$ cat run.txt   # compact mmCIF, C-alpha atoms
# COMPACT_ATOMS: atom_id res chain seq x y z
CA MET A 30 -7.38 -165.81 -119.17
CA SER A 31 -11.07 -165.45 -118.38
CA ARG A 32 -10.27 -165.26 -114.66
CA HIS A 33 -7.51 -162.68 -115.02
CA LEU A 34 -8.77 -160.54 -117.93
CA HIS A 35 -10.87 -158.20 -115.84
CA ASP A 36 -8.13 -157.68 -113.25
CA VAL A 37 -5.80 -156.59 -116.07
CA VAL A 38 -8.45 -154.35 -117.65
CA LEU A 39 -9.20 -152.72 -114.30
CA ALA A 40 -5.49 -152.18 -113.59
CA ILE A 41 -4.92 -150.52 -116.98
CA ASN A 42 -7.97 -148.29 -116.63
CA ASN A 43 -6.90 -147.23 -113.13
CA ARG A 44 -3.26 -146.56 -114.01
CA VAL A 45 -3.40 -145.18 -117.55
CA ASP A 46 -4.94 -141.71 -117.83
CA ASN A 47 -4.49 -140.71 -121.46
CA ILE A 48 -8.01 -139.97 -122.69
CA ARG A 49 -8.17 -136.27 -121.86
CA PHE A 50 -9.96 -133.39 -123.55
CA PRO A 51 -7.65 -130.36 -124.07
CA GLU A 52 -8.51 -128.04 -121.19
CA ILE A 53 -5.48 -125.74 -121.01
CA ASP A 54 -4.76 -123.02 -123.53
CA VAL A 55 -1.57 -124.49 -124.98
CA GLU A 56 -3.26 -127.86 -125.63
CA ARG A 57 -6.29 -126.22 -127.22
CA ARG A 58 -4.13 -124.04 -129.48
CA SER A 59 -2.08 -127.02 -130.61
CA THR A 60 -5.18 -129.11 -131.39
CA ALA A 61 -6.99 -126.26 -133.14
CA THR A 62 -3.91 -125.45 -135.25
CA ALA A 63 -3.63 -129.07 -136.43
CA PHE A 64 -7.30 -129.12 -137.50
CA TYR A 65 -6.99 -125.70 -139.17
CA ARG A 66 -4.17 -127.01 -141.34
CA LEU A 67 -6.54 -129.72 -142.58
CA SER A 68 -9.58 -127.61 -143.36
CA ARG A 69 -9.23 -123.92 -142.43
CA ILE A 70 -12.08 -124.24 -139.93
CA PRO A 71 -10.97 -122.32 -136.83
CA ARG A 72 -11.14 -123.37 -133.17
CA VAL A 73 -11.80 -127.07 -133.82
CA LEU A 74 -10.94 -129.19 -130.79
CA GLY A 75 -12.05 -132.57 -132.11
CA ALA A 76 -14.27 -134.65 -134.38
CA ILE A 77 -17.12 -136.51 -132.67
CA ASP A 78 -18.99 -139.64 -133.69
CA CYS A 79 -20.37 -142.90 -132.32
CA THR A 80 -19.62 -146.51 -133.13
CA LEU A 81 -21.29 -149.81 -132.30
CA ILE A 82 -19.43 -152.46 -130.29
CA PRO A 83 -21.07 -155.93 -130.53
CA ILE A 84 -21.76 -157.66 -127.22
CA THR A 85 -23.47 -160.87 -126.16
CA THR A 86 -27.19 -160.79 -125.34
CA PRO A 87 -27.60 -159.03 -121.97
CA THR A 88 -29.71 -160.64 -119.25
CA THR A 89 -31.46 -157.38 -118.37
CA GLN A 90 -32.92 -154.59 -120.55
CA GLU A 91 -32.17 -156.76 -123.57
CA ALA A 92 -34.27 -154.77 -126.04
CA SER A 93 -32.44 -151.50 -125.32
CA TYR A 94 -29.17 -153.04 -126.52
CA VAL A 95 -30.48 -154.03 -129.97
CA CYS A 96 -28.89 -151.49 -132.31
CA ARG A 97 -30.29 -150.16 -135.59
CA LYS A 98 -28.29 -152.85 -137.42
CA GLY A 99 -30.12 -155.62 -135.60
CA TYR A 100 -27.58 -156.97 -133.10
CA HIS A 101 -26.80 -156.34 -129.43
CA ALA A 102 -24.23 -153.63 -128.93
CA LEU A 103 -22.85 -150.79 -126.89
CA HIS A 104 -23.14 -147.40 -128.57
CA VAL A 105 -19.82 -145.69 -127.90
CA GLN A 106 -19.24 -141.96 -128.38
CA ALA A 107 -15.73 -140.62 -128.91
CA VAL A 108 -13.94 -137.40 -129.77
CA VAL A 109 -10.72 -137.71 -131.77
CA ASP A 110 -7.87 -135.33 -132.65
CA THR A 111 -5.86 -135.19 -135.87
CA LYS A 112 -3.40 -137.83 -134.57
CA LEU A 113 -6.31 -140.31 -134.31
CA ARG A 114 -6.07 -140.16 -130.51
CA PHE A 115 -9.20 -140.49 -128.42
CA ILE A 116 -9.54 -137.36 -126.29
CA ASP A 117 -13.00 -138.09 -124.89
CA ALA A 118 -15.01 -141.30 -124.72
CA VAL A 119 -18.35 -142.49 -123.33
CA ALA A 120 -18.99 -146.24 -123.49
CA ARG A 121 -21.97 -146.74 -121.16
CA TRP A 122 -24.93 -146.42 -123.53
CA PRO A 123 -27.02 -149.31 -124.96
CA GLY A 124 -27.01 -149.84 -128.70
CA ALA A 125 -30.51 -148.46 -129.30
CA THR A 126 -29.55 -144.99 -128.02
CA ASN A 127 -29.05 -142.42 -130.77
CA ASP A 128 -25.98 -140.23 -131.20
CA ALA A 129 -27.69 -136.95 -130.28
CA THR A 130 -29.03 -138.31 -126.99
CA ILE A 131 -25.61 -139.60 -125.94
CA PHE A 132 -24.04 -136.20 -126.56
CA GLU A 133 -26.87 -134.28 -124.87
CA MET A 134 -26.39 -136.39 -121.72
CA SER A 135 -22.59 -136.10 -121.69
CA GLY A 136 -20.39 -134.06 -119.41
CA LEU A 137 -18.48 -132.83 -122.46
CA LYS A 138 -21.61 -131.11 -123.79
CA ASP A 139 -22.07 -129.34 -120.45
CA TYR A 140 -18.41 -128.28 -120.45
CA LEU A 141 -18.54 -126.85 -123.98
CA GLU A 142 -21.82 -125.09 -123.26
CA ALA A 143 -20.43 -123.43 -120.16
CA ASN A 144 -17.00 -122.56 -121.59
CA ALA A 145 -16.57 -120.93 -125.00
CA VAL A 146 -13.29 -122.74 -125.69
CA GLY A 147 -13.83 -124.14 -129.19
CA VAL A 148 -15.99 -126.35 -131.38
CA LEU A 149 -16.48 -130.00 -132.31
CA LEU A 150 -17.32 -131.32 -135.77
CA GLY A 151 -20.12 -133.87 -136.01
CA ASP A 152 -22.31 -135.41 -138.68
CA SER A 153 -26.02 -134.74 -139.21
CA GLY A 154 -26.93 -137.18 -136.46
CA TYR A 155 -26.15 -134.33 -134.06
CA ALA A 156 -28.02 -131.07 -133.52
CA LEU A 157 -26.24 -127.94 -134.70
CA ARG A 158 -24.84 -125.93 -131.80
CA ASN A 159 -22.47 -122.99 -131.63
CA TYR A 160 -19.95 -125.47 -130.14
CA LEU A 161 -20.85 -128.41 -132.46
CA LEU A 162 -20.78 -127.72 -136.18
CA THR A 163 -22.70 -130.05 -138.48
CA PRO A 164 -22.90 -130.27 -142.31
CA ILE A 165 -25.51 -128.40 -144.33
CA LEU A 166 -28.08 -130.98 -145.40
CA ARG A 167 -28.90 -129.52 -148.81
CA PRO A 168 -26.04 -127.20 -149.84
CA THR A 169 -26.67 -124.89 -152.77
CA ALA A 170 -24.18 -122.01 -152.70
CA ASN A 171 -20.52 -122.64 -153.52
CA ALA A 172 -19.50 -121.64 -150.01
CA GLN A 173 -21.88 -124.23 -148.53
CA VAL A 174 -20.50 -126.97 -150.75
CA ALA A 175 -16.93 -125.98 -149.88
CA TYR A 176 -17.78 -125.93 -146.17
CA ASN A 177 -19.29 -129.41 -146.36
CA ASP A 178 -16.20 -130.71 -148.17
CA VAL A 179 -13.71 -129.48 -145.59
CA HIS A 180 -16.03 -130.43 -142.74
CA ALA A 181 -16.10 -134.01 -144.05
CA ARG A 182 -12.30 -133.98 -144.43
CA ASP A 183 -11.84 -133.05 -140.78
CA ARG A 184 -14.46 -135.52 -139.62
CA LEU A 185 -12.67 -138.41 -141.33
CA VAL A 186 -10.22 -138.58 -138.44
CA VAL A 187 -12.82 -140.07 -136.10
CA GLU A 188 -13.90 -142.67 -138.67
CA ARG A 189 -10.26 -143.61 -139.25
CA ALA A 190 -9.63 -143.82 -135.50
CA PHE A 191 -12.52 -146.24 -135.04
CA GLY A 192 -11.20 -148.31 -137.95
CA VAL A 193 -7.69 -148.53 -136.49
CA LEU A 194 -9.05 -149.25 -133.00
CA LYS A 195 -11.16 -152.16 -134.22
CA SER A 196 -8.30 -153.44 -136.36
CA ARG A 197 -5.88 -153.39 -133.42
CA PHE A 198 -8.45 -155.02 -131.13
CA ARG A 199 -10.54 -157.32 -133.31
CA CYS A 200 -12.76 -158.23 -130.34
CA LEU A 201 -14.44 -154.84 -130.89
CA HIS A 202 -15.38 -155.63 -134.51
CA ARG A 203 -18.14 -157.97 -135.64
CA SER A 204 -15.62 -160.05 -137.57
CA GLY A 205 -14.20 -161.00 -134.17
CA GLY A 206 -17.57 -162.11 -132.86
CA CYS A 207 -18.67 -160.08 -129.85
CA LEU A 208 -17.63 -159.27 -126.30
CA MET A 209 -18.94 -162.18 -124.22
CA PHE A 210 -19.49 -160.31 -120.97
CA ALA A 211 -22.11 -158.28 -119.16
CA PRO A 212 -22.44 -154.68 -120.45
CA ALA A 213 -20.59 -153.13 -117.50
CA LYS A 214 -17.52 -155.29 -118.15
CA CYS A 215 -17.75 -154.66 -121.88
CA GLN A 216 -17.68 -150.93 -121.20
CA GLN A 217 -14.45 -151.33 -119.24
CA ILE A 218 -12.87 -153.37 -122.04
CA VAL A 219 -13.76 -150.73 -124.66
CA ILE A 220 -12.20 -147.92 -122.62
CA CYS A 221 -9.13 -150.09 -121.95
CA CYS A 222 -8.67 -150.71 -125.68
CA MET A 223 -8.97 -146.97 -126.38
CA LYS A 224 -6.30 -146.22 -123.78
CA LEU A 225 -3.98 -148.85 -125.26
CA HIS A 226 -4.65 -147.40 -128.73
CA ASN A 227 -3.58 -143.96 -127.47
CA LEU A 228 -0.54 -145.51 -125.82
CA CYS A 229 0.50 -147.05 -129.15
CA ILE A 230 0.23 -143.66 -130.88
CA ASP A 231 2.11 -141.86 -128.10
CA ASN A 232 4.95 -144.38 -128.39
CA GLY A 233 5.12 -144.31 -132.19
CA LEU A 234 3.76 -147.82 -132.73
CA ASP A 235 2.20 -147.38 -136.16
CA PHE A 236 -0.52 -149.75 -137.32
CA ASN A 237 0.77 -151.03 -140.65
CA GLU A 238 -1.82 -153.72 -141.33
CA GLN A 239 -4.97 -153.28 -143.38
CA VAL A 240 -7.62 -151.30 -141.53
CA ILE A 241 -10.92 -153.18 -141.52
CA PRO A 242 -14.05 -151.11 -142.14
CA ASP A 243 -17.18 -151.29 -140.02
CA ASP A 244 -19.44 -154.25 -140.81
CA GLN A 245 -21.76 -152.06 -142.89
CA PRO A 246 -22.15 -148.36 -143.63
CA ASP A 247 -23.53 -146.32 -140.77
CA THR A 248 -27.01 -144.90 -141.23
CA PHE A 249 -28.99 -142.43 -139.16
CA GLN A 250 -31.91 -140.09 -139.37
CA PRO A 251 -30.79 -136.44 -139.27
CA VAL A 252 -32.03 -134.89 -136.04
CA ALA A 253 -34.56 -132.08 -136.05
CA GLN A 254 -32.68 -128.80 -136.16
CA VAL A 255 -34.73 -126.50 -133.92
CA GLY A 256 -33.88 -123.18 -132.28
CA LEU A 257 -31.13 -122.60 -134.81
CA VAL A 258 -30.84 -118.84 -135.30
CA HIS A 259 -27.84 -118.28 -133.05
CA HIS A 260 -26.20 -121.59 -134.01
CA GLN A 261 -26.67 -120.97 -137.73
CA THR A 262 -25.05 -117.56 -137.30
CA CYS A 263 -21.95 -119.26 -135.88
CA ARG A 264 -21.82 -121.75 -138.75
CA ASN A 265 -22.41 -119.01 -141.31
CA ALA A 266 -19.47 -117.07 -139.87
CA VAL A 267 -17.25 -120.07 -140.54
CA MET A 268 -18.55 -120.36 -144.10
CA GLN A 269 -17.56 -116.78 -144.89
CA SER A 270 -13.95 -117.91 -145.30
CA PHE A 271 -15.03 -120.23 -148.16
CA THR A 272 -16.78 -117.60 -150.30
$ encode --input "run.txt" --output "structure tokens"
Amino acid sequence: MSRHLHDVVLAINNRVDNIRFPEIDVERRSTATAFYRLSRIPRVLGAIDCTLIPITTPTTQEASYVCRKGYHALHVQAVVDTKLRFIDAVARWPGATNDATIFEMSGLKDYLEANAVGVLLGDSGYALRNYLLTPILRPTANAQVAYNDVHARDRLVVERAFGVLKSRFRCLHRSGGCLMFAPAKCQQIVICCMKLHNLCIDNGLDFNEQVIPDDQPDTFQPVAQVGLVHHQTCRNAVMQSFT
């Protein structure tokens, strides 16, 4: 199995192309409509978050792979739709990299910045942008509280998707140990598992077993929210519907 695993992973990654961000109008409308039914936030194209995938101790740049929870990991960013499908994924970053940095360096961020096609929903580990809506850290008005509630409801899809992914493929969860390969091969395995997860959803293969949670609650320091006037205006416009 050790000899053939990577040939199989490479073949699946080369042949299966089902992690795709909605780039045509009909796909964007369908995705945004599904999110609007959950929360009444318009133009949402996905929920974004990161998760840690445990790996064995790398032989190079070891310190950069030690995550905030104290073990060696990849820090994987993903965007998920309401069906729990992965529609964008980046698996190349070491565990010590924070969520905001991964997004800032991603092609998806550049695409959303250049094309006013919709918004993502992310937690306070991300910087507020007119294309990435984050919660209000200290809500006071009723509309702010209501906005945070529905924002969290939409964002649950990405947490659930990570839970199902790691339950389907226990090698990605700490209860299964860790991926015993070099980081580059671990990255390929993570993407392969995400593609197989999407394939299961597309073919109606429901996951009926208990979904295992992450090994411990995620923690992060909220990023500094600078240069916010335009971005706050966009978020405030969304909140008007909750007054």
$ closest_atom_pairs --input "run.txt" --of "stretch 140-251 of chain A" --to "stretch 68-90 of chain A" --cutoff "9 Å" --atoms "only C-alpha atoms" --output "tab-separated table"
residue	atom	partner	partner_atom	distance
A:Val146	CA	A:Arg72	CA	7.8
A:Gly147	CA	A:Arg72	CA	4.9
A:Val148	CA	A:Val73	CA	4.9
A:Leu149	CA	A:Gly75	CA	5.1
A:Leu150	CA	A:Ala76	CA	4.7
A:Gly151	CA	A:Ile77	CA	5.2
A:Asp152	CA	A:Asp78	CA	7.3
A:Gly154	CA	A:Asp78	CA	8.8
A:Tyr155	CA	A:Asp78	CA	8.9
A:Leu161	CA	A:Ile77	CA	8.9
A:Tyr176	CA	A:Ile70	CA	8.6
A:Asp178	CA	A:Ser68	CA	8.8
A:Val179	CA	A:Ser68	CA	5.1
A:His180	CA	A:Ser68	CA	7.1
A:Arg182	CA	A:Ser68	CA	7.0
A:Asp183	CA	A:Ser68	CA	6.4
A:Arg184	CA	A:Ala76	CA	5.3
A:Leu185	CA	A:Ala76	CA	8.1
A:Val186	CA	A:Ala76	CA	7.0
A:Val187	CA	A:Ala76	CA	5.9
A:Glu188	CA	A:Asp78	CA	7.7
A:Phe191	CA	A:Thr80	CA	7.4
A:Cys200	CA	A:Pro83	CA	8.6
A:Leu201	CA	A:Ile82	CA	5.6
A:His202	CA	A:Ile82	CA	6.7
A:Arg203	CA	A:Pro83	CA	6.2
A:Gly206	CA	A:Pro83	CA	7.5
A:Cys207	CA	A:Ile84	CA	4.7
A:Leu208	CA	A:Ile84	CA	4.5
A:Met209	CA	A:Thr85	CA	5.1
A:Phe210	CA	A:Thr85	CA	6.6
A:Ala211	CA	A:Pro87	CA	6.2
A:Pro212	CA	A:Pro87	CA	6.9
A:Cys215	CA	A:Ile84	CA	7.3
A:Val219	CA	A:Ile82	CA	8.2
A:Asp243	CA	A:Thr80	CA	8.7
A:Asp247	CA	A:Thr80	CA	8.6
$ residues_around --input "run.txt" --residues "A:Ile165" --least-positions-apart "3" --cutoff "8 Å" --atoms "only C-alpha atoms" --output "short mmCIF file (atom, residue, chain, number, x, y, z; two decimals) with C-alpha atoms, in the coordinates of the input"
data_model
loop_
_atom_site.label_atom_id
_atom_site.label_comp_id
_atom_site.auth_asym_id
_atom_site.auth_seq_id
_atom_site.Cartn_x
_atom_site.Cartn_y
_atom_site.Cartn_z
CA PRO A 168 -26.04 -127.20 -149.84
CA GLN A 173 -21.88 -124.23 -148.53
CA ASN A 177 -19.29 -129.41 -146.36
#
$ residues_near_point --input "run.txt" --point "(0.1, -144.2, -130.7)" --cutoff "12 Å" --atoms "all atoms listed in the file" --output "VMD selection string"
chain A and resid 47 111 to 115 190 193 to 194 197 223 to 236
$ atom_distance --input "run.txt" --atom1 "atom CA of A:Tyr94" --atom2 "atom CA of A:Arg121"
11.0 Å
$ closest_residue --input "run.txt" --among "A:Asn159, A:Thr126, A:Arg167, A:Asn237" --to "A:Leu141" --atoms "only C-alpha atoms"
A:Asn159
$ closest_residue --input "run.txt" --among "A:Ala120, A:Val55, A:His104, A:Phe198" --to "A:Ile220" --atoms "all atoms listed in the file"
A:Ala120
$ atom_distance --input "run.txt" --atom1 "atom CA of A:Pro51" --atom2 "atom CA of A:Asp117"
9.4 Å
$ atom_distance --input "run.txt" --atom1 "atom CA of A:Val38" --atom2 "atom CA of A:Gln217"
6.9 Å
$ closest_residue --input "run.txt" --among "A:Ala181, A:Val174, A:Val95, A:Ile116" --to "A:Asp46" --atoms "only C-alpha atoms"
A:Ile116
